[in-house]
file my_file-v4.pdb (PDB, C-alpha atoms and all ligand atoms)
ATOM      1  CA  MET Z 384     -19.257 -18.804  -0.448
ATOM      2  CA  ARG Z 385     -16.391 -21.207  -0.773
ATOM      3  CA  ASP Z 386     -17.074 -24.818   0.081
ATOM      4  CA  ALA Z 387     -14.919 -26.631   2.621
ATOM      5  CA  GLN Z 388     -12.788 -28.236  -0.051
ATOM      6  CA  CYS Z 389     -11.948 -24.916  -1.685
ATOM      7  CA  SER Z 390     -11.070 -23.344   1.653
ATOM      8  CA  LEU Z 391      -8.769 -26.248   2.337
ATOM      9  CA  LEU Z 392      -7.092 -25.838  -1.042
ATOM     10  CA  LEU Z 393      -6.448 -22.154  -0.398
ATOM     11  CA  GLU Z 394      -5.226 -22.807   3.125
ATOM     12  CA  SER Z 395      -2.844 -25.547   2.055
ATOM     13  CA  PHE Z 396      -1.519 -23.492  -0.889
ATOM     14  CA  LEU Z 397      -0.650 -20.623   1.471
ATOM     15  CA  HIS Z 398       1.270 -23.075   3.676
ATOM     16  CA  GLU Z 399       3.005 -24.496   0.620
ATOM     17  CA  LEU Z 400       4.069 -21.013  -0.519
ATOM     18  CA  HIS Z 401       5.240 -20.111   2.967
ATOM     19  CA  SER Z 402       7.464 -23.149   3.325
ATOM     20  CA  LYS Z 403       8.734 -22.817  -0.250
ATOM     21  CA  TYR Z 404       9.973 -19.241   0.248
ATOM     22  CA  LYS Z 405      10.821 -19.302   3.950
ATOM     23  CA  SER Z 406      14.414 -20.213   3.216
ATOM     24  CA  CYS Z 407      14.797 -17.583   0.454
ATOM     25  CA  THR Z 408      17.639 -15.254   1.433
ATOM     26  CA  GLU Z 409      17.525 -12.848  -1.508
ATOM     27  CA  GLY Z 410      17.200  -9.124  -0.961
ATOM     28  CA  THR Z 411      18.207  -6.652   1.721
ATOM     29  CA  VAL Z 412      16.299  -4.926   4.458
ATOM     30  CA  ALA Z 413      15.780  -1.157   3.941
ATOM     31  CA  ASN Z 414      18.255   0.895   5.913
ATOM     32  CA  TYR Z 415      17.825   4.446   4.707
ATOM     33  CA  ILE Z 416      15.428   5.005   7.565
ATOM     34  CA  PRO Z 417      17.931   3.827  10.215
ATOM     35  CA  GLU Z 418      15.294   2.407  12.544
ATOM     36  CA  LEU Z 419      13.966   0.046   9.850
ATOM     37  CA  SER Z 420      17.297  -1.763   9.552
ATOM     38  CA  LYS Z 421      16.736  -3.363  12.964
ATOM     39  CA  VAL Z 422      13.947  -5.633  11.710
ATOM     40  CA  ASN Z 423      14.332  -9.411  11.681
ATOM     41  CA  PRO Z 424      14.695 -10.335   7.959
ATOM     42  CA  GLU Z 425      13.213 -13.777   8.572
ATOM     43  CA  LEU Z 426       9.741 -12.507   9.443
ATOM     44  CA  PHE Z 427       7.353 -13.754   6.794
ATOM     45  CA  SER Z 428       3.580 -13.880   6.596
ATOM     46  CA  ILE Z 429       0.845 -14.205   4.000
ATOM     47  CA  CYS Z 430      -2.808 -13.390   4.594
ATOM     48  CA  ILE Z 431      -5.896 -13.438   2.401
ATOM     49  CA  ALA Z 432      -9.169 -11.771   3.393
ATOM     50  CA  THR Z 433     -12.166 -12.442   1.186
ATOM     51  CA  VAL Z 434     -14.995  -9.981   0.573
ATOM     52  CA  GLU Z 435     -17.156 -12.321   2.661
ATOM     53  CA  GLY Z 436     -14.815 -11.670   5.607
ATOM     54  CA  GLU Z 437     -13.117 -15.088   5.638
ATOM     55  CA  ILE Z 438      -9.455 -15.012   6.643
ATOM     56  CA  TYR Z 439      -6.660 -17.380   5.565
ATOM     57  CA  GLN Z 440      -3.243 -16.717   7.053
ATOM     58  CA  VAL Z 441       0.150 -18.266   7.629
ATOM     59  CA  GLY Z 442       3.429 -17.247   9.324
ATOM     60  CA  ASP Z 443       4.076 -14.169  11.464
ATOM     61  CA  TYR Z 444       0.765 -12.490  10.704
ATOM     62  CA  ASN Z 445       0.472 -10.845  14.137
ATOM     63  CA  GLU Z 446       3.885  -9.162  13.897
ATOM     64  CA  LEU Z 447       3.564  -5.365  13.770
ATOM     65  CA  PHE Z 448       5.558  -3.221  11.348
ATOM     66  CA  THR Z 449       5.246   0.293   9.927
ATOM     67  CA  ILE Z 450       3.020   0.521   6.865
ATOM     68  CA  GLN Z 451       5.343   2.932   4.953
ATOM     69  CA  SER Z 452       4.341   3.531   1.328
ATOM     70  CA  ILE Z 453       1.264   1.327   1.486
ATOM     71  CA  SER Z 454      -0.251   4.230   3.457
ATOM     72  CA  LYS Z 455      -0.184   6.286   0.233
ATOM     73  CA  VAL Z 456      -3.082   4.291  -1.187
ATOM     74  CA  PHE Z 457      -5.387   5.068   1.724
ATOM     75  CA  VAL Z 458      -4.359   8.691   2.193
ATOM     76  CA  TYR Z 459      -4.956   9.165  -1.532
ATOM     77  CA  GLY Z 460      -8.530   7.952  -0.948
ATOM     78  CA  LEU Z 461      -9.017  10.377   1.933
ATOM     79  CA  ALA Z 462      -7.642  13.288  -0.120
ATOM     80  CA  LEU Z 463     -10.072  12.436  -2.934
ATOM     81  CA  GLU Z 464     -12.935  12.487  -0.446
ATOM     82  CA  ASP Z 465     -11.688  15.783   1.012
ATOM     83  CA  ARG Z 466     -11.061  17.609  -2.265
ATOM     84  CA  GLY Z 467     -12.907  15.773  -5.027
ATOM     85  CA  ARG Z 468     -11.381  14.198  -8.133
ATOM     86  CA  ASP Z 469     -11.176  17.316 -10.313
ATOM     87  CA  TYR Z 470      -9.371  19.485  -7.805
ATOM     88  CA  PHE Z 471      -7.053  16.637  -6.842
ATOM     89  CA  LEU Z 472      -6.030  16.174 -10.473
ATOM     90  CA  THR Z 473      -4.905  19.777 -10.695
ATOM     91  CA  LYS Z 474      -2.383  19.004  -7.938
ATOM     92  CA  VAL Z 475      -1.188  15.443  -8.582
ATOM     93  CA  GLY Z 476      -1.237  13.458 -11.848
ATOM     94  CA  VAL Z 477      -1.937   9.782 -12.547
ATOM     95  CA  GLU Z 478       1.015   9.016 -14.830
ATOM     96  CA  PRO Z 479       3.548   6.287 -13.977
ATOM     97  CA  THR Z 480       7.117   7.572 -13.703
ATOM     98  CA  GLY Z 481       9.116   4.450 -14.505
ATOM     99  CA  ASP Z 482      11.459   5.834 -11.855
ATOM    100  CA  ALA Z 483      12.312   4.884  -8.288
ATOM    101  CA  PHE Z 484       9.824   5.736  -5.545
ATOM    102  CA  ASN Z 485      11.933   8.635  -4.281
ATOM    103  CA  SER Z 486      12.926  10.201  -7.588
ATOM    104  CA  ILE Z 487      12.965  13.977  -7.570
ATOM    105  CA  VAL Z 488      10.920  14.652 -10.657
ATOM    106  CA  LEU Z 489       7.869  16.773 -11.465
ATOM    107  CA  ASP Z 490       5.889  17.080 -14.692
ATOM    108  CA  GLU Z 491       7.789  19.618 -16.820
ATOM    109  CA  VAL Z 492       4.724  21.585 -17.856
ATOM    110  CA  SER Z 493       2.219  21.340 -15.012
ATOM    111  CA  LYS Z 494       4.840  21.089 -12.216
ATOM    112  CA  ARG Z 495       2.642  18.448 -10.642
ATOM    113  CA  PRO Z 496       4.174  15.296  -9.209
ATOM    114  CA  TYR Z 497       3.449  12.381 -11.548
ATOM    115  CA  ASN Z 498       1.205  10.250  -9.328
ATOM    116  CA  PRO Z 499       0.185   9.783  -5.660
ATOM    117  CA  MET Z 500       2.211   6.561  -5.217
ATOM    118  CA  VAL Z 501       5.710   8.059  -5.569
ATOM    119  CA  ASN Z 502       7.024  10.095  -2.654
ATOM    120  CA  ALA Z 503       6.636  13.528  -4.262
ATOM    121  CA  GLY Z 504       3.015  12.809  -5.176
ATOM    122  CA  ALA Z 505       2.297  11.282  -1.783
ATOM    123  CA  ILE Z 506       3.643  14.340   0.044
ATOM    124  CA  ALA Z 507       1.477  16.594  -2.138
ATOM    125  CA  THR Z 508      -1.471  14.275  -1.413
ATOM    126  CA  THR Z 509      -0.906  14.500   2.326
ATOM    127  CA  SER Z 510      -0.792  18.287   2.040
ATOM    128  CA  LEU Z 511      -4.411  18.117   0.791
ATOM    129  CA  ILE Z 512      -5.814  16.335   3.869
ATOM    130  CA  LYS Z 513      -8.254  18.667   5.576
ATOM    131  CA  GLY Z 514      -8.295  19.621   9.247
ATOM    132  CA  THR Z 515      -7.640  22.529  11.581
ATOM    133  CA  GLY Z 516      -4.041  22.082  12.572
ATOM    134  CA  VAL Z 517      -1.758  19.086  12.562
ATOM    135  CA  THR Z 518      -3.509  17.157  15.348
ATOM    136  CA  GLU Z 519      -6.908  17.178  13.700
ATOM    137  CA  ARG Z 520      -5.389  16.218  10.362
ATOM    138  CA  LEU Z 521      -3.471  13.340  11.963
ATOM    139  CA  ASN Z 522      -6.563  12.189  13.851
ATOM    140  CA  ARG Z 523      -8.592  12.158  10.656
ATOM    141  CA  MET Z 524      -5.926   9.977   9.055
ATOM    142  CA  LEU Z 525      -5.776   7.632  12.030
ATOM    143  CA  ASP Z 526      -9.550   7.334  12.014
ATOM    144  CA  MET Z 527      -9.429   6.512   8.322
ATOM    145  CA  PHE Z 528      -6.903   3.714   9.036
ATOM    146  CA  ARG Z 529      -9.215   2.500  11.845
ATOM    147  CA  ARG Z 530     -12.069   2.093   9.380
ATOM    148  CA  TYR Z 531      -9.897   0.001   7.052
ATOM    149  CA  THR Z 532      -8.267  -2.180   9.732
ATOM    150  CA  GLY Z 533     -11.242  -2.422  12.093
ATOM    151  CA  HIS Z 534      -9.257  -1.233  15.136
ATOM    152  CA  ASN Z 535      -7.385   1.803  16.452
ATOM    153  CA  VAL Z 536      -3.907   2.229  15.006
ATOM    154  CA  PHE Z 537      -0.823   3.944  16.410
ATOM    155  CA  VAL Z 538       2.260   5.673  15.069
ATOM    156  CA  ASP Z 539       5.640   4.094  15.892
ATOM    157  CA  ILE Z 540       7.474   7.050  17.400
ATOM    158  CA  SER Z 541      10.977   5.625  16.860
ATOM    159  CA  VAL Z 542      10.434   5.071  13.147
ATOM    160  CA  PHE Z 543       8.674   8.421  12.777
ATOM    161  CA  THR Z 544      11.528  10.253  14.527
ATOM    162  CA  SER Z 545      14.143   8.286  12.632
ATOM    163  CA  GLU Z 546      12.659   9.344   9.287
ATOM    164  CA  ARG Z 547      11.956  12.870  10.460
ATOM    165  CA  VAL Z 548      15.618  13.548  11.192
ATOM    166  CA  THR Z 549      17.050  11.749   8.151
ATOM    167  CA  GLY Z 550      14.399  12.349   5.461
ATOM    168  CA  HIS Z 551      16.324  15.076   3.663
ATOM    169  CA  ARG Z 552      15.370  13.847   0.234
ATOM    170  CA  ASN Z 553      11.651  14.047   1.032
ATOM    171  CA  ARG Z 554      12.240  17.470   2.566
ATOM    172  CA  ALA Z 555      13.999  18.581  -0.626
ATOM    173  CA  MET Z 556      11.054  17.408  -2.709
ATOM    174  CA  ALA Z 557       8.620  19.302  -0.521
ATOM    175  CA  HIS Z 558      10.682  22.479  -0.967
ATOM    176  CA  LEU Z 559      10.817  21.968  -4.710
ATOM    177  CA  MET Z 560       7.034  21.654  -4.793
ATOM    178  CA  LEU Z 561       6.664  24.762  -2.625
ATOM    179  CA  ASN Z 562       8.880  26.584  -5.108
ATOM    180  CA  PHE Z 563       6.443  25.706  -7.918
ATOM    181  CA  GLY Z 564       3.355  26.435  -5.816
ATOM    182  CA  THR Z 565       2.269  22.769  -5.905
ATOM    183  CA  ILE Z 566       2.017  22.628  -2.125
ATOM    184  CA  ASP Z 567       1.511  25.409   0.411
ATOM    185  CA  GLN Z 568       3.787  26.932   3.048
ATOM    186  CA  SER Z 569       3.117  24.450   5.835
ATOM    187  CA  ILE Z 570       5.915  22.143   4.742
ATOM    188  CA  ASP Z 571       7.049  21.033   8.189
ATOM    189  CA  GLU Z 572       3.504  20.159   9.201
ATOM    190  CA  THR Z 573       2.884  18.259   5.967
ATOM    191  CA  LEU Z 574       6.171  16.346   6.223
ATOM    192  CA  ASP Z 575       5.460  15.428   9.836
ATOM    193  CA  LEU Z 576       2.062  14.120   8.788
ATOM    194  CA  TYR Z 577       3.580  12.220   5.892
ATOM    195  CA  PHE Z 578       6.271  10.628   8.089
ATOM    196  CA  GLN Z 579       3.584   9.764  10.642
ATOM    197  CA  GLN Z 580       1.294   8.110   8.113
ATOM    198  CA  CYS Z 581       4.293   6.016   6.969
ATOM    199  CA  ALA Z 582       4.984   5.009  10.594
ATOM    200  CA  VAL Z 583       1.460   3.694  11.306
ATOM    201  CA  MET Z 584       1.746   0.181  12.742
ATOM    202  CA  VAL Z 585      -0.087  -2.700  11.079
ATOM    203  CA  ASN Z 586       0.326  -6.452  10.774
ATOM    204  CA  CYS Z 587      -0.092  -8.706   7.761
ATOM    205  CA  HIS Z 588      -3.660  -9.551   8.765
ATOM    206  CA  ASP Z 589      -4.479  -5.818   8.719
ATOM    207  CA  LEU Z 590      -2.974  -5.464   5.240
ATOM    208  CA  ALA Z 591      -5.233  -8.193   3.889
ATOM    209  CA  VAL Z 592      -8.356  -6.696   5.496
ATOM    210  CA  MET Z 593      -7.449  -3.233   4.173
ATOM    211  CA  ALA Z 594      -6.963  -4.669   0.682
ATOM    212  CA  ALA Z 595     -10.219  -6.628   0.991
ATOM    213  CA  THR Z 596     -11.998  -3.375   1.905
ATOM    214  CA  LEU Z 597     -10.862  -1.925  -1.423
ATOM    215  CA  ALA Z 598     -11.980  -5.157  -3.120
ATOM    216  CA  ASN Z 599     -15.368  -4.868  -1.392
ATOM    217  CA  LYS Z 600     -16.508  -1.430  -2.692
ATOM    218  CA  GLY Z 601     -14.914   0.333   0.260
ATOM    219  CA  ILE Z 602     -16.745  -1.676   2.939
ATOM    220  CA  ASN Z 603     -14.594  -3.429   5.535
ATOM    221  CA  PRO Z 604     -15.723  -7.052   5.112
ATOM    222  CA  VAL Z 605     -15.054  -7.893   8.760
ATOM    223  CA  THR Z 606     -16.723  -4.933  10.493
ATOM    224  CA  GLY Z 607     -19.173  -3.898   7.768
ATOM    225  CA  GLU Z 608     -18.067  -0.257   8.083
ATOM    226  CA  GLN Z 609     -17.789   1.903   4.958
ATOM    227  CA  ALA Z 610     -14.137   3.046   4.960
ATOM    228  CA  ILE Z 611     -14.271   5.181   1.822
ATOM    229  CA  ASP Z 612     -16.875   6.386  -0.645
ATOM    230  CA  SER Z 613     -17.200   3.616  -3.234
ATOM    231  CA  CYS Z 614     -17.064   6.146  -6.090
ATOM    232  CA  TYR Z 615     -13.291   6.527  -5.495
ATOM    233  CA  ILE Z 616     -12.399   2.836  -5.582
ATOM    234  CA  LYS Z 617     -11.772   2.910  -9.318
ATOM    235  CA  ASP Z 618      -9.422   5.898  -8.950
ATOM    236  CA  ILE Z 619      -7.428   4.108  -6.280
ATOM    237  CA  LEU Z 620      -7.231   0.754  -8.030
ATOM    238  CA  SER Z 621      -6.278   2.286 -11.393
ATOM    239  CA  VAL Z 622      -3.391   4.178  -9.856
ATOM    240  CA  MET Z 623      -2.301   1.122  -7.858
ATOM    241  CA  TYR Z 624      -2.366  -0.913 -11.072
ATOM    242  CA  THR Z 625      -0.221   1.501 -13.072
ATOM    243  CA  CYS Z 626       2.016   2.998 -10.372
ATOM    244  CA  GLY Z 627       1.833   0.890  -7.189
ATOM    245  CA  MET Z 628       5.027  -1.111  -7.693
ATOM    246  CA  TYR Z 629       7.173   1.861  -8.834
ATOM    247  CA  ASN Z 630       9.644   1.039 -11.604
ATOM    248  CA  PHE Z 631       8.436  -2.579 -11.539
ATOM    249  CA  ALA Z 632       4.811  -1.537 -12.143
ATOM    250  CA  GLY Z 633       4.784  -2.448 -15.847
ATOM    251  CA  GLU Z 634       6.269  -5.896 -15.375
ATOM    252  CA  TRP Z 635       3.979  -6.489 -12.394
ATOM    253  CA  ALA Z 636       0.872  -5.497 -14.403
ATOM    254  CA  TYR Z 637       2.007  -7.776 -17.211
ATOM    255  CA  LYS Z 638       2.883 -10.785 -15.102
ATOM    256  CA  VAL Z 639       0.698 -10.602 -11.998
ATOM    257  CA  GLY Z 640      -2.114  -8.420 -13.345
ATOM    258  CA  ILE Z 641      -3.553  -7.200 -10.030
ATOM    259  CA  PRO Z 642      -3.632  -3.680  -8.514
ATOM    260  CA  ALA Z 643      -1.016  -3.665  -5.767
ATOM    261  CA  LYS Z 644       1.138  -1.467  -3.545
ATOM    262  CA  SER Z 645       4.412  -2.126  -1.792
ATOM    263  CA  GLY Z 646       6.227  -0.417   1.084
ATOM    264  CA  ILE Z 647       9.870  -0.382   2.122
ATOM    265  CA  SER Z 648       9.199  -2.118   5.415
ATOM    266  CA  GLY Z 649       8.438  -5.216   3.308
ATOM    267  CA  GLY Z 650       4.658  -5.217   2.946
ATOM    268  CA  ILE Z 651       2.637  -5.691  -0.229
ATOM    269  CA  ILE Z 652      -1.119  -5.427  -0.673
ATOM    270  CA  ALA Z 653      -2.920  -6.747  -3.740
ATOM    271  CA  VAL Z 654      -6.608  -6.300  -4.549
ATOM    272  CA  ILE Z 655      -8.780  -8.658  -6.576
ATOM    273  CA  PRO Z 656     -11.958  -6.591  -7.053
ATOM    274  CA  ASN Z 657     -15.110  -8.213  -5.674
ATOM    275  CA  VAL Z 658     -13.130 -11.250  -4.518
ATOM    276  CA  MET Z 659     -10.397 -10.673  -1.965
ATOM    277  CA  GLY Z 660      -7.412  -8.762  -0.635
ATOM    278  CA  ILE Z 661      -3.925 -10.202  -0.226
ATOM    279  CA  GLY Z 662      -1.326  -9.047   2.304
ATOM    280  CA  VAL Z 663       2.274 -10.279   2.347
ATOM    281  CA  PHE Z 664       5.009  -9.198   4.742
ATOM    282  CA  SER Z 665       8.704 -10.006   4.374
ATOM    283  CA  PRO Z 666      11.314  -7.250   4.934
ATOM    284  CA  PRO Z 667      14.142  -8.057   2.454
ATOM    285  CA  LEU Z 668      13.705  -5.909  -0.675
ATOM    286  CA  ASP Z 669      14.843  -6.184  -4.278
ATOM    287  CA  LEU Z 670      16.564  -3.386  -6.184
ATOM    288  CA  ARG Z 671      13.247  -1.639  -6.895
ATOM    289  CA  ALA Z 672      12.369  -1.611  -3.191
ATOM    290  CA  ASN Z 673       9.696  -4.324  -3.419
ATOM    291  CA  SER Z 674       9.626  -7.274  -1.014
ATOM    292  CA  VAL Z 675      11.396 -10.215  -2.690
ATOM    293  CA  ARG Z 676       9.242 -12.919  -1.134
ATOM    294  CA  GLY Z 677       6.147 -10.717  -1.478
ATOM    295  CA  VAL Z 678       6.577 -10.456  -5.250
ATOM    296  CA  LYS Z 679       7.183 -14.205  -5.609
ATOM    297  CA  VAL Z 680       4.155 -15.099  -3.487
ATOM    298  CA  CYS Z 681       1.843 -12.789  -5.461
ATOM    299  CA  GLU Z 682       3.159 -14.117  -8.760
ATOM    300  CA  GLU Z 683       2.393 -17.668  -7.692
ATOM    301  CA  LEU Z 684      -1.029 -16.842  -6.254
ATOM    302  CA  SER Z 685      -1.950 -15.079  -9.475
ATOM    303  CA  GLN Z 686      -0.872 -18.048 -11.582
ATOM    304  CA  LYS Z 687      -2.397 -20.720  -9.405
ATOM    305  CA  PHE Z 688      -5.837 -19.121  -9.130
ATOM    306  CA  GLY Z 689      -5.922 -17.277 -12.471
ATOM    307  CA  LEU Z 690      -6.099 -13.860 -10.810
ATOM    308  CA  HIS Z 691      -4.677 -11.772 -13.702
ATOM    309  CA  LEU Z 692      -7.426  -9.274 -14.514
ATOM    310  CA  PHE Z 693      -7.066  -9.756 -18.243
ATOM    311  CA  ASP Z 694      -6.769 -13.516 -18.302
ATOM    312  CA  CYS Z 695      -9.581 -14.443 -20.704
ATOM    313  CA  SER Z 696      -9.250 -18.127 -19.965
ATOM    314  CA  ARG Z 697     -10.448 -17.627 -16.417
ATOM    315  CA  GLN Z 698     -14.181 -17.819 -16.038
ATOM    316  CA  LYS Z 699     -14.500 -17.593 -12.332
ATOM    317  CA  LEU Z 700     -11.701 -17.841  -9.828
ATOM    318  CA  GLN Z 701     -10.921 -21.478  -9.461
ATOM    319  CA  PHE Z 702     -11.404 -21.502  -5.717
ATOM    320  CA  CYS Z 703     -14.851 -19.866  -5.937
ATOM    321  CA  ASN Z 704     -18.093 -21.670  -6.495
TER     322      ASN Z 704
HETATM  323  N1  LIG F 801       8.616   6.637   4.375
HETATM  324  C1  LIG F 801       9.245   6.197   3.156
HETATM  325  C2  LIG F 801       9.693   7.390   2.347
HETATM  326  O1  LIG F 801       9.006   8.364   2.297
HETATM  327  C3  LIG F 801       8.293   5.349   2.373
HETATM  328  C4  LIG F 801       8.892   4.821   1.106
HETATM  329  C5  LIG F 801       8.369   3.471   0.686
HETATM  330  O2  LIG F 801       7.798   2.716   1.465
HETATM  331  N2  LIG F 801       8.662   3.100  -0.543
HETATM  332  O3  LIG F 801      10.718   7.403   1.745
END

call {"tool": "encode", "arguments": {"input": "my_file-v4.pdb", "output": "structure tokens"}}
result
Amino acid sequence: MRDAQCSLLLESFLHELHSKYKSCTEGTVANYIPELSKVNPELFSICIATVEGEIYQVGDYNELFTIQSISKVFVYGLALEDRGRDYFLTKVGVEPTGDAFNSIVLDEVSKRPYNPMVNAGAIATTSLIKGTGVTERLNRMLDMFRRYTGHNVFVDISVFTSERVTGHRNRAMAHLMLNFGTIDQSIDETLDLYFQQCAVMVNCHDLAVMAATLANKGINPVTGEQAIDSCYIKDILSVMYTCGMYNFAGEWAYKVGIPAKSGISGGIIAVIPNVMGIGVFSPPLDLRANSVRGVKVCEELSQKFGLHLFDCSRQKLQFCN
């Protein structure tokens, strides 16, 4: 457990980071899903949840937004549980693309999408979620999100509909994968599910608890519920580490050194195994579709507390006893 002084240090550093970057005006809010462009760009929150279930948060941490690509991490976990690692690997690879999140590219030889964190791979992953019909499959996903957040979650119908009618690029990818036999016939059902998982509403507090659940061997540190079989945590964190930040993943791994995932609504989760989960929310994005403030905050947290996984000089995290 952290002593009072350490908790205070963490708390005050979060406030320092929040006021430092509050006035940052870099980046632009995503607009290719029309409904997302309506968000207030000034919203900004940072939350840390430790594996002991302690919460440290600052800013607009109760504000709800759609989870978008961060959902890919958790649906990947559910697909692994549903299908097992070996079968999953025949459908979706684990190789970083170095390309944008929505690039239309499949492995030349295997015709698999490169990894479950880019859109093509995420759509193929969603197609593997088990259930009789679309409602049961959606309910299984929602229940999975409930285990990670500790409460029932809902789909934002406006954002879902907005992406459903404009998501031609994702639709094209699904058809390409059908052409190669990577996914099955039920394209409309799979795309609806995929757009719905992206439109699940969460707040920054939820992001931190979800990340902390991954840090805590799959057990939600607040509710004590097992959200995913612990044997898949290493699969999830490895893929987050190498592919979670898209075409910024290499630089992120080098500089920040923590498994992470971003989404175009402006969220980022980062996982420090056995220690804590970080959630940041700020809608303006950089050119690689990562939250500008989110990246800066994670960089500073990593430096300040020596979070980089391969930093040999760190013995124990400086704020831990
Ligand atoms: N729903 C978005 C899409 O499929 C998610 C993308 C993202 O968050 N990077 O394009």

call {"tool": "closest_atom_pairs", "arguments": {"input": "my_file-v4.pdb", "of": "chain Z", "to": "ligand LIG 801 (chain F)", "cutoff": "7 Å", "atoms": "all atoms listed in the file", "output": "Markdown table"}}
result
| residue | atom | partner | partner_atom | distance |
| --- | --- | --- | --- | --- |
| Z:Gln451 | CA | F:LIG801 | O2 | 4.3 |
| Z:Ser452 | CA | F:LIG801 | O2 | 3.6 |
| Z:Ile453 | CA | F:LIG801 | O2 | 6.7 |
| Z:Phe484 | CA | F:LIG801 | N2 | 5.8 |
| Z:Asn485 | CA | F:LIG801 | O3 | 6.3 |
| Z:Asn502 | CA | F:LIG801 | O1 | 5.6 |
| Z:Glu546 | CA | F:LIG801 | N1 | 6.9 |
| Z:Asn553 | CA | F:LIG801 | O1 | 6.4 |
| Z:Phe578 | CA | F:LIG801 | N1 | 5.9 |
| Z:Cys581 | CA | F:LIG801 | N1 | 5.1 |
| Z:Ser645 | CA | F:LIG801 | O2 | 6.7 |
| Z:Gly646 | CA | F:LIG801 | O2 | 3.5 |
| Z:Ile647 | CA | F:LIG801 | O2 | 3.8 |
| Z:Ser648 | CA | F:LIG801 | O2 | 6.4 |
| Z:Ala672 | CA | F:LIG801 | N2 | 6.6 |

call {"tool": "resolve_selection", "arguments": {"input": "my_file-v4.pdb", "expression": "the PyMOL selection byres (((chain Z and resi 649-663) around 6) and not hetatm)", "output": "compact mmCIF listing (two decimals) with C-alpha atoms, in the frame of the given file"}}
result
# COMPACT_ATOMS: atom_id res chain seq x y z
CA SER Z 428 3.58 -13.88 6.60
CA ILE Z 429 0.84 -14.20 4.00
CA CYS Z 430 -2.81 -13.39 4.59
CA ILE Z 431 -5.90 -13.44 2.40
CA ALA Z 432 -9.17 -11.77 3.39
CA THR Z 433 -12.17 -12.44 1.19
CA VAL Z 434 -15.00 -9.98 0.57
CA CYS Z 587 -0.09 -8.71 7.76
CA LEU Z 590 -2.97 -5.46 5.24
CA ALA Z 591 -5.23 -8.19 3.89
CA ALA Z 594 -6.96 -4.67 0.68
CA ALA Z 595 -10.22 -6.63 0.99
CA ALA Z 598 -11.98 -5.16 -3.12
CA ASN Z 599 -15.37 -4.87 -1.39
CA PRO Z 642 -3.63 -3.68 -8.51
CA ALA Z 643 -1.02 -3.66 -5.77
CA LYS Z 644 1.14 -1.47 -3.54
CA SER Z 645 4.41 -2.13 -1.79
CA GLY Z 646 6.23 -0.42 1.08
CA ILE Z 647 9.87 -0.38 2.12
CA SER Z 648 9.20 -2.12 5.42
CA PHE Z 664 5.01 -9.20 4.74
CA SER Z 665 8.70 -10.01 4.37
CA PRO Z 666 11.31 -7.25 4.93
CA SER Z 674 9.63 -7.27 -1.01
CA GLY Z 677 6.15 -10.72 -1.48

call {"tool": "closest_residue", "arguments": {"input": "my_file-v4.pdb", "among": "Z:Asp539, Z:Asp386, Z:Asp482, Z:Glu464", "to": "Thr449 of chain Z", "atoms": "only C-alpha atoms"}}
result
Z:Asp539

call {"tool": "closest_residue", "arguments": {"input": "my_file-v4.pdb", "among": "Z:Arg552, Z:His558, Z:Pro479, Z:Asn414", "to": "Leu668 of chain Z", "atoms": "all atoms listed in the file"}}
result
Z:Asn414

call {"tool": "resolve_selection", "arguments": {"input": "my_file-v4.pdb", "expression": "the PyMOL selection byres (((chain Z and resi 603) around 12) and not hetatm)", "output": "PyMOL selection string"}}
result
chain Z and resi 432-437+527-534+589-602+604-613+659-660

call {"tool": "resolve_selection", "arguments": {"input": "my_file-v4.pdb", "expression": "the PyMOL selection byres (((chain Z and resi 488) around 12) and not hetatm)", "output": "JSON, numbers by chain"}}
result
{"Z": [479, 480, 481, 482, 483, 484, 485, 486, 487, 489, 490, 491, 492, 493, 494, 495, 496, 497, 498, 501, 502, 503, 504, 552, 553, 555, 556, 557, 559, 560]}

call {"tool": "residues_near_point", "arguments": {"input": "my_file-v4.pdb", "point": "(22.2, -6.7, 0.8)", "cutoff": "12 Å", "atoms": "all atoms listed in the file", "output": "list in words"}}
result
Thr408, Glu409, Gly410, Thr411, Val412, Ala413, Asn414, Ser420, Pro424, Pro666, Pro667, Leu668, Asp669, Leu670, Ala672 and Val675 of chain Z

call {"tool": "closest_residue", "arguments": {"input": "my_file-v4.pdb", "among": "Z:Asn445, Z:Leu392, Z:Val639, Z:His551", "to": "Glu683 of chain Z", "atoms": "all atoms listed in the file"}}
result
Z:Val639

call {"tool": "atom_distance", "arguments": {"input": "my_file-v4.pdb", "atom1": "atom CA of Asp694 of chain Z", "atom2": "atom CA of Glu682 of chain Z"}}
result
13.8 Å

call {"tool": "atom_distance", "arguments": {"input": "my_file-v4.pdb", "atom1": "atom CA of Leu521 of chain Z", "atom2": "atom CA of Val536 of chain Z"}}
result
11.5 Å

call {"tool": "closest_residue", "arguments": {"input": "my_file-v4.pdb", "among": "Z:Cys626, Z:Ile512, Z:Leu463, Z:Ala582", "to": "Val477 of chain Z", "atoms": "only C-alpha atoms"}}
result
Z:Cys626

call {"tool": "residues_around", "arguments": {"input": "my_file-v4.pdb", "residues": "Gly467 of chain Z", "least_positions_apart": "4", "cutoff": "12 Å", "atoms": "only C-alpha atoms", "output": "list in words"}}
result
Tyr459, Gly460, Leu461, Ala462, Leu463, Phe471, Leu472, Thr473, Lys474, Leu511, Ile512, Lys513, Asp612, Cys614, Tyr615 and Asp618 of chain Z

call {"tool": "residues_near_point", "arguments": {"input": "my_file-v4.pdb", "point": "(0.8, 21.1, 9.1)", "cutoff": "9 Å", "atoms": "only C-alpha atoms", "output": "list in words"}}
result
Ser510, Thr515, Gly516, Val517, Thr518, Arg520, Gln568, Ser569, Ile570, Asp571, Glu572, Thr573, Leu574, Asp575 and Leu576 of chain Z

call {"tool": "atom_distance", "arguments": {"input": "my_file-v4.pdb", "atom1": "atom CA of Val680 of chain Z", "atom2": "atom CA of Gly442 of chain Z"}}
result
13.0 Å
